[in-house]
Amino acid sequence: MTAAVTDRDVFLNTGHTQKSWKDVARSAICRIIAPLPDATFCALKYFTFRGRFPDLRNPRTFTDKVQARKLYDRNPLFPTIVDKADVKALITEVAGPRYVVPTQWVGTALSSVDWRKIALPAVVKPTHASGVGRLLHDWDDVDALMADDPSDAWLAIDHASYNREWAYSQLEPRIIIEPMLLSRGAIPPDYRLFTFDGVVSHIEVDFESEGQTSYCNYDPEWRKLPFHDPDYDGFFLGEVEKPARLEEMIRLAERLGKGFDFLRVDLYACDEWVRVGELTLYPGGGFDAFEPKEYDLLLGAKWRLGFSVPK
């Protein structure tokens with residue numbers, strides 16, 4: 001639901017619209033190491049992206065801890081959390097139905113959709129992947145979607161294999177259609193609230209600015225933070241308007257994050273409403289970079305692991 005989507009890691013790559021030589025090289029290396037066991041694969045892929053090996057025995061940085069979660073945390077709720085359709089029942093139970101985006105259809109083949117029952121504008125996307133989907137503003141968009149039906153390609157996306165994100169190995173890949181969330185005729189910003197033990201540490205804001213997806217980070221008091229990912233374009237140097245419902249957003253994220261050592265709560269919000277877009281367990285697969293680098297360690301210090309790591 002943002003401006004630029006590429007095939008790098010099958011994830012939304014904020015503001016990154018062209019593949020660099022580093023992206024090509026990294027993709028080639030990942031294909032070569034794909035047959036390796038999970039821990040070895042994660043360590044080598046991390047080295048390919050970050051230039052160092054993660055500490056999987058005594059993880060201290062945020063990205064090291066994401067790697068450890070992928071390998072060792074088998075919370076039975078995780079498969080529900082990463083399923084964009086099934087998680088709605090959990091959100092309803094914890095926070096109430098007003099925060100849930102309605103489902104218009106869910107299934108495995110777009111060819112079976114009765115489009116007469118779908119209200120536009122809408123969003124269609126896999127239930128088990130990030131940064132992949134189509135915006136359906138009108139019936140021309142539906143015709144274009146069905147002329148190049150992506151159902152098989154979307155169902156084949158496998159984060160459990162590609163990034164070794166365990167929770168995705170425990171669910172059935174499907175496709176979901178939801179109403180498009182709009183504010184003043186446009187898609188509102190995507191607010192990504194990072195919670196540790198049910199407390200919001202900071203908020204990543206992703207939004208469209210002059211035709212490009214931009215992003216930046218704020219603390220819960222809406223003071224801008226300096227860190228960003230140097231691998232991605234689009235770091236916004238200006239100020240973003242404080243959301244009208246910031247306090248409600250924080251309360252909602254902390255309610256959903258309670259009981260989890262770490263959970264990212266992705267929200268859409270405007271002056272009138274707040275909706276949960278999805279819940280995220282493995283941001284960026286644990287391969288994102290930080291500049292300044294110490295923020296990887298600072299965020300990691302907030303994450304008290306709720307699972308055991310083999311020594």
# chains A, B, ... in the order shown; residues from 1 in each chain; ligands from 1
>>> residues_around(residues="Ala153 (chain A)", least_positions_apart="4", cutoff="12 Å", atoms="only C-alpha atoms", output="PyMOL selection string")
chain A and resi 10+108-110+125-126+129+132-133+148-149+157-158+173-175
>>> residues_around(residues="Val106 (chain A)", least_positions_apart="2", cutoff="12 Å", atoms="only C-alpha atoms", output="list in words")
Asp83, Lys84, Ala85, Asp86, Pro102, Thr103, Gln104, Thr108, Ala109, Leu110, Ser111, Ser112, Val113, Asp114, Ile118, Val123, Val124, Lys125, Pro126, Thr127, Ser151, Glu172, Pro173, Arg174, Ile175, Ile176, Ile177 and Glu178 of chain A
>>> residues_around(residues="region 38-53 of chain A", least_positions_apart="5", cutoff="7 Å", atoms="only C-alpha atoms", output="number ranges by chain")
A: 26, 30, 33, 67, 71, 164, 287, 289
>>> write_last_selection(atoms="N, CA and C atoms", output="mmCIF file, in the first residue's frame")
data_model
loop_
_atom_site.group_PDB
_atom_site.id
_atom_site.type_symbol
_atom_site.label_atom_id
_atom_site.label_comp_id
_atom_site.auth_asym_id
_atom_site.auth_seq_id
_atom_site.Cartn_x
_atom_site.Cartn_y
_atom_site.Cartn_z
ATOM 1 N N ARG A 26 23.668 -9.888 -3.851
ATOM 2 C CA ARG A 26 23.086 -10.509 -2.664
ATOM 3 C C ARG A 26 22.081 -11.593 -3.045
ATOM 4 N N CYS A 30 22.282 -15.549 -2.020
ATOM 5 C CA CYS A 30 21.191 -16.203 -1.279
ATOM 6 C C CYS A 30 20.707 -17.454 -1.996
ATOM 7 N N ILE A 33 23.292 -20.252 -1.213
ATOM 8 C CA ILE A 33 23.293 -20.800 0.149
ATOM 9 C C ILE A 33 21.933 -21.355 0.572
ATOM 10 N N GLN A 67 17.034 -12.613 14.258
ATOM 11 C CA GLN A 67 17.556 -13.891 13.775
ATOM 12 C C GLN A 67 17.315 -14.996 14.797
ATOM 13 N N LEU A 71 14.939 -18.569 14.583
ATOM 14 C CA LEU A 71 15.517 -19.901 14.766
ATOM 15 C C LEU A 71 14.965 -20.643 15.979
ATOM 16 N N ARG A 164 13.779 -17.913 6.351
ATOM 17 C CA ARG A 164 13.751 -18.846 7.475
ATOM 18 C C ARG A 164 12.903 -18.294 8.618
ATOM 19 N N PHE A 287 17.420 -8.271 8.634
ATOM 20 C CA PHE A 287 18.586 -7.917 7.824
ATOM 21 C C PHE A 287 18.726 -6.408 7.600
ATOM 22 N N ALA A 289 19.640 -2.494 8.069
ATOM 23 C CA ALA A 289 20.800 -1.788 8.609
ATOM 24 C C ALA A 289 20.332 -0.585 9.430
#
>>> closest_residue(among="A:Tyr215, A:Tyr168, A:Trp273, A:Phe62", to="Asp288 (chain A)", atoms="only C-alpha atoms")
A:Phe62
>>> select_by_dssp(residues="region 57-261 of chain A", states="strand (DSSP E or B)", output="ChimeraX atom specification")
/A:100,105-107,122-126,134-136,175-179,183,186,190-196,199-209,212-218,224-225,228,235
>>> atom_distance(atom1="CA of Gly211 (chain A)", atom2="CA of Glu239 (chain A)")
17.4 Å
>>> decode(residues="region 266-282 of chain A", atoms="all heavy atoms", output="PDB file, in the first residue's frame")
ATOM      1  N   ASP A 266       1.377  -2.532  13.026  1.00  0.00           N
ATOM      2  CA  ASP A 266       1.300  -1.651  11.868  1.00  0.00           C
ATOM      3  C   ASP A 266      -0.112  -1.098  11.745  1.00  0.00           C
ATOM      4  O   ASP A 266      -1.078  -1.858  11.562  1.00  0.00           O
ATOM      5  CB  ASP A 266       1.682  -2.413  10.597  1.00  0.00           C
ATOM      6  CG  ASP A 266       3.126  -2.918  10.647  1.00  0.00           C
ATOM      7  OD1 ASP A 266       3.838  -2.584  11.605  1.00  0.00           O
ATOM      8  OD2 ASP A 266       3.525  -3.651   9.727  1.00  0.00           O
ATOM      9  N   LEU A 267      -0.234   0.215  11.832  1.00  0.00           N
ATOM     10  CA  LEU A 267      -1.526   0.874  11.870  1.00  0.00           C
ATOM     11  C   LEU A 267      -1.693   1.854  10.716  1.00  0.00           C
ATOM     12  O   LEU A 267      -0.713   2.455  10.255  1.00  0.00           O
ATOM     13  CB  LEU A 267      -1.690   1.665  13.175  1.00  0.00           C
ATOM     14  CG  LEU A 267      -1.514   0.913  14.491  1.00  0.00           C
ATOM     15  CD1 LEU A 267      -1.649   1.887  15.660  1.00  0.00           C
ATOM     16  CD2 LEU A 267      -2.530  -0.210  14.622  1.00  0.00           C
ATOM     17  N   TYR A 268      -2.929   2.019  10.293  1.00  0.00           N
ATOM     18  CA  TYR A 268      -3.322   3.143   9.445  1.00  0.00           C
ATOM     19  C   TYR A 268      -4.243   4.022  10.284  1.00  0.00           C
ATOM     20  O   TYR A 268      -5.055   3.503  11.064  1.00  0.00           O
ATOM     21  CB  TYR A 268      -4.042   2.661   8.186  1.00  0.00           C
ATOM     22  CG  TYR A 268      -3.135   1.904   7.244  1.00  0.00           C
ATOM     23  CD1 TYR A 268      -3.083   0.514   7.275  1.00  0.00           C
ATOM     24  CD2 TYR A 268      -2.315   2.587   6.349  1.00  0.00           C
ATOM     25  CE1 TYR A 268      -2.236  -0.179   6.424  1.00  0.00           C
ATOM     26  CE2 TYR A 268      -1.471   1.899   5.498  1.00  0.00           C
ATOM     27  CZ  TYR A 268      -1.431   0.518   5.537  1.00  0.00           C
ATOM     28  OH  TYR A 268      -0.592  -0.163   4.703  1.00  0.00           O
ATOM     29  N   ALA A 269      -4.118   5.320  10.130  1.00  0.00           N
ATOM     30  CA  ALA A 269      -4.916   6.214  10.963  1.00  0.00           C
ATOM     31  C   ALA A 269      -5.152   7.536  10.253  1.00  0.00           C
ATOM     32  O   ALA A 269      -4.342   7.979   9.425  1.00  0.00           O
ATOM     33  CB  ALA A 269      -4.215   6.457  12.299  1.00  0.00           C
ATOM     34  N   CYS A 270      -6.269   8.156  10.587  1.00  0.00           N
ATOM     35  CA  CYS A 270      -6.557   9.510  10.137  1.00  0.00           C
ATOM     36  C   CYS A 270      -7.285  10.209  11.285  1.00  0.00           C
ATOM     37  O   CYS A 270      -7.306   9.712  12.418  1.00  0.00           O
ATOM     38  CB  CYS A 270      -7.380   9.501   8.858  1.00  0.00           C
ATOM     39  SG  CYS A 270      -9.050   8.849   9.047  1.00  0.00           S
ATOM     40  N   ASP A 271      -7.901  11.339  11.018  1.00  0.00           N
ATOM     41  CA  ASP A 271      -8.564  12.078  12.089  1.00  0.00           C
ATOM     42  C   ASP A 271      -9.751  11.325  12.664  1.00  0.00           C
ATOM     43  O   ASP A 271     -10.105  11.502  13.828  1.00  0.00           O
ATOM     44  CB  ASP A 271      -9.050  13.440  11.572  1.00  0.00           C
ATOM     45  CG  ASP A 271      -7.903  14.364  11.221  1.00  0.00           C
ATOM     46  OD1 ASP A 271      -6.750  14.024  11.545  1.00  0.00           O
ATOM     47  OD2 ASP A 271      -8.157  15.424  10.613  1.00  0.00           O
ATOM     48  N   GLU A 272     -10.373  10.452  11.850  1.00  0.00           N
ATOM     49  CA  GLU A 272     -11.622   9.806  12.253  1.00  0.00           C
ATOM     50  C   GLU A 272     -11.461   8.388  12.781  1.00  0.00           C
ATOM     51  O   GLU A 272     -12.337   7.897  13.501  1.00  0.00           O
ATOM     52  CB  GLU A 272     -12.615   9.772  11.072  1.00  0.00           C
ATOM     53  CG  GLU A 272     -13.133  11.137  10.628  1.00  0.00           C
ATOM     54  CD  GLU A 272     -12.123  11.891   9.792  1.00  0.00           C
ATOM     55  OE1 GLU A 272     -11.329  11.220   9.082  1.00  0.00           O
ATOM     56  OE2 GLU A 272     -12.107  13.128   9.851  1.00  0.00           O
ATOM     57  N   TRP A 273     -10.395   7.686  12.425  1.00  0.00           N
ATOM     58  CA  TRP A 273     -10.322   6.274  12.771  1.00  0.00           C
ATOM     59  C   TRP A 273      -8.878   5.783  12.840  1.00  0.00           C
ATOM     60  O   TRP A 273      -7.950   6.433  12.355  1.00  0.00           O
ATOM     61  CB  TRP A 273     -11.108   5.409  11.786  1.00  0.00           C
ATOM     62  CG  TRP A 273     -10.844   5.707  10.316  1.00  0.00           C
ATOM     63  CD1 TRP A 273     -11.643   6.420   9.476  1.00  0.00           C
ATOM     64  CD2 TRP A 273      -9.705   5.306   9.543  1.00  0.00           C
ATOM     65  NE1 TRP A 273     -11.086   6.476   8.220  1.00  0.00           N
ATOM     66  CE2 TRP A 273      -9.895   5.802   8.229  1.00  0.00           C
ATOM     67  CE3 TRP A 273      -8.553   4.578   9.802  1.00  0.00           C
ATOM     68  CZ2 TRP A 273      -8.972   5.608   7.203  1.00  0.00           C
ATOM     69  CZ3 TRP A 273      -7.622   4.371   8.785  1.00  0.00           C
ATOM     70  CH2 TRP A 273      -7.848   4.881   7.508  1.00  0.00           C
ATOM     71  N   VAL A 274      -8.737   4.592  13.449  1.00  0.00           N
ATOM     72  CA  VAL A 274      -7.467   3.852  13.489  1.00  0.00           C
ATOM     73  C   VAL A 274      -7.790   2.419  13.106  1.00  0.00           C
ATOM     74  O   VAL A 274      -8.776   1.845  13.583  1.00  0.00           O
ATOM     75  CB  VAL A 274      -6.827   3.879  14.890  1.00  0.00           C
ATOM     76  CG1 VAL A 274      -5.530   3.060  14.906  1.00  0.00           C
ATOM     77  CG2 VAL A 274      -6.569   5.306  15.354  1.00  0.00           C
ATOM     78  N   ARG A 275      -6.977   1.816  12.233  1.00  0.00           N
ATOM     79  CA  ARG A 275      -7.154   0.426  11.842  1.00  0.00           C
ATOM     80  C   ARG A 275      -5.802  -0.291  11.906  1.00  0.00           C
ATOM     81  O   ARG A 275      -4.758   0.296  11.607  1.00  0.00           O
ATOM     82  CB  ARG A 275      -7.699   0.313  10.410  1.00  0.00           C
ATOM     83  CG  ARG A 275      -9.050   0.976  10.192  1.00  0.00           C
ATOM     84  CD  ARG A 275     -10.191   0.182  10.807  1.00  0.00           C
ATOM     85  NE  ARG A 275     -11.474   0.763  10.452  1.00  0.00           N
ATOM     86  CZ  ARG A 275     -12.073   1.747  11.139  1.00  0.00           C
ATOM     87  NH1 ARG A 275     -11.487   2.239  12.220  1.00  0.00           N
ATOM     88  NH2 ARG A 275     -13.229   2.226  10.745  1.00  0.00           N
ATOM     89  N   VAL A 276      -5.849  -1.569  12.254  1.00  0.00           N
ATOM     90  CA  VAL A 276      -4.634  -2.391  12.265  1.00  0.00           C
ATOM     91  C   VAL A 276      -4.418  -2.961  10.872  1.00  0.00           C
ATOM     92  O   VAL A 276      -5.292  -3.671  10.349  1.00  0.00           O
ATOM     93  CB  VAL A 276      -4.736  -3.526  13.293  1.00  0.00           C
ATOM     94  CG1 VAL A 276      -3.453  -4.361  13.287  1.00  0.00           C
ATOM     95  CG2 VAL A 276      -4.996  -2.969  14.695  1.00  0.00           C
ATOM     96  N   GLY A 277      -3.274  -2.659  10.271  1.00  0.00           N
ATOM     97  CA  GLY A 277      -2.948  -3.232   8.977  1.00  0.00           C
ATOM     98  C   GLY A 277      -2.458  -4.665   9.107  1.00  0.00           C
ATOM     99  O   GLY A 277      -2.943  -5.571   8.431  1.00  0.00           O
ATOM    100  N   GLU A 278      -1.499  -4.881  10.007  1.00  0.00           N
ATOM    101  CA  GLU A 278      -0.983  -6.218  10.272  1.00  0.00           C
ATOM    102  C   GLU A 278      -0.122  -6.174  11.522  1.00  0.00           C
ATOM    103  O   GLU A 278       0.225  -5.098  12.022  1.00  0.00           O
ATOM    104  CB  GLU A 278      -0.187  -6.756   9.081  1.00  0.00           C
ATOM    105  CG  GLU A 278       1.037  -5.928   8.723  1.00  0.00           C
ATOM    106  CD  GLU A 278       1.754  -6.462   7.475  1.00  0.00           C
ATOM    107  OE1 GLU A 278       2.438  -7.488   7.596  1.00  0.00           O
ATOM    108  OE2 GLU A 278       1.609  -5.843   6.414  1.00  0.00           O
ATOM    109  N   LEU A 279       0.246  -7.340  12.026  1.00  0.00           N
ATOM    110  CA  LEU A 279       1.198  -7.479  13.120  1.00  0.00           C
ATOM    111  C   LEU A 279       2.455  -8.142  12.563  1.00  0.00           C
ATOM    112  O   LEU A 279       2.359  -9.103  11.798  1.00  0.00           O
ATOM    113  CB  LEU A 279       0.601  -8.309  14.259  1.00  0.00           C
ATOM    114  CG  LEU A 279      -0.730  -7.805  14.837  1.00  0.00           C
ATOM    115  CD1 LEU A 279      -1.198  -8.734  15.966  1.00  0.00           C
ATOM    116  CD2 LEU A 279      -0.610  -6.379  15.341  1.00  0.00           C
ATOM    117  N   THR A 280       3.609  -7.649  12.973  1.00  0.00           N
ATOM    118  CA  THR A 280       4.870  -8.080  12.360  1.00  0.00           C
ATOM    119  C   THR A 280       5.807  -8.648  13.416  1.00  0.00           C
ATOM    120  O   THR A 280       6.053  -8.010  14.447  1.00  0.00           O
ATOM    121  CB  THR A 280       5.538  -6.896  11.634  1.00  0.00           C
ATOM    122  OG1 THR A 280       4.650  -6.419  10.610  1.00  0.00           O
ATOM    123  CG2 THR A 280       6.851  -7.306  11.004  1.00  0.00           C
ATOM    124  N   LEU A 281       6.324  -9.835  13.137  1.00  0.00           N
ATOM    125  CA  LEU A 281       7.238 -10.519  14.055  1.00  0.00           C
ATOM    126  C   LEU A 281       8.702 -10.403  13.652  1.00  0.00           C
ATOM    127  O   LEU A 281       9.589 -10.435  14.514  1.00  0.00           O
ATOM    128  CB  LEU A 281       6.890 -12.006  14.124  1.00  0.00           C
ATOM    129  CG  LEU A 281       5.540 -12.385  14.696  1.00  0.00           C
ATOM    130  CD1 LEU A 281       5.293 -13.875  14.498  1.00  0.00           C
ATOM    131  CD2 LEU A 281       5.465 -12.026  16.176  1.00  0.00           C
ATOM    132  N   TYR A 282       8.968 -10.307  12.350  1.00  0.00           N
ATOM    133  CA  TYR A 282      10.338 -10.379  11.843  1.00  0.00           C
ATOM    134  C   TYR A 282      10.616  -9.195  10.913  1.00  0.00           C
ATOM    135  O   TYR A 282      10.762  -9.384   9.702  1.00  0.00           O
ATOM    136  CB  TYR A 282      10.558 -11.667  11.062  1.00  0.00           C
ATOM    137  CG  TYR A 282      10.016 -12.944  11.684  1.00  0.00           C
ATOM    138  CD1 TYR A 282       8.895 -13.589  11.135  1.00  0.00           C
ATOM    139  CD2 TYR A 282      10.635 -13.538  12.787  1.00  0.00           C
ATOM    140  CE1 TYR A 282       8.417 -14.779  11.659  1.00  0.00           C
ATOM    141  CE2 TYR A 282      10.153 -14.730  13.312  1.00  0.00           C
ATOM    142  CZ  TYR A 282       9.048 -15.345  12.758  1.00  0.00           C
ATOM    143  OH  TYR A 282       8.574 -16.527  13.275  1.00  0.00           O
TER     144      TYR A 282
END
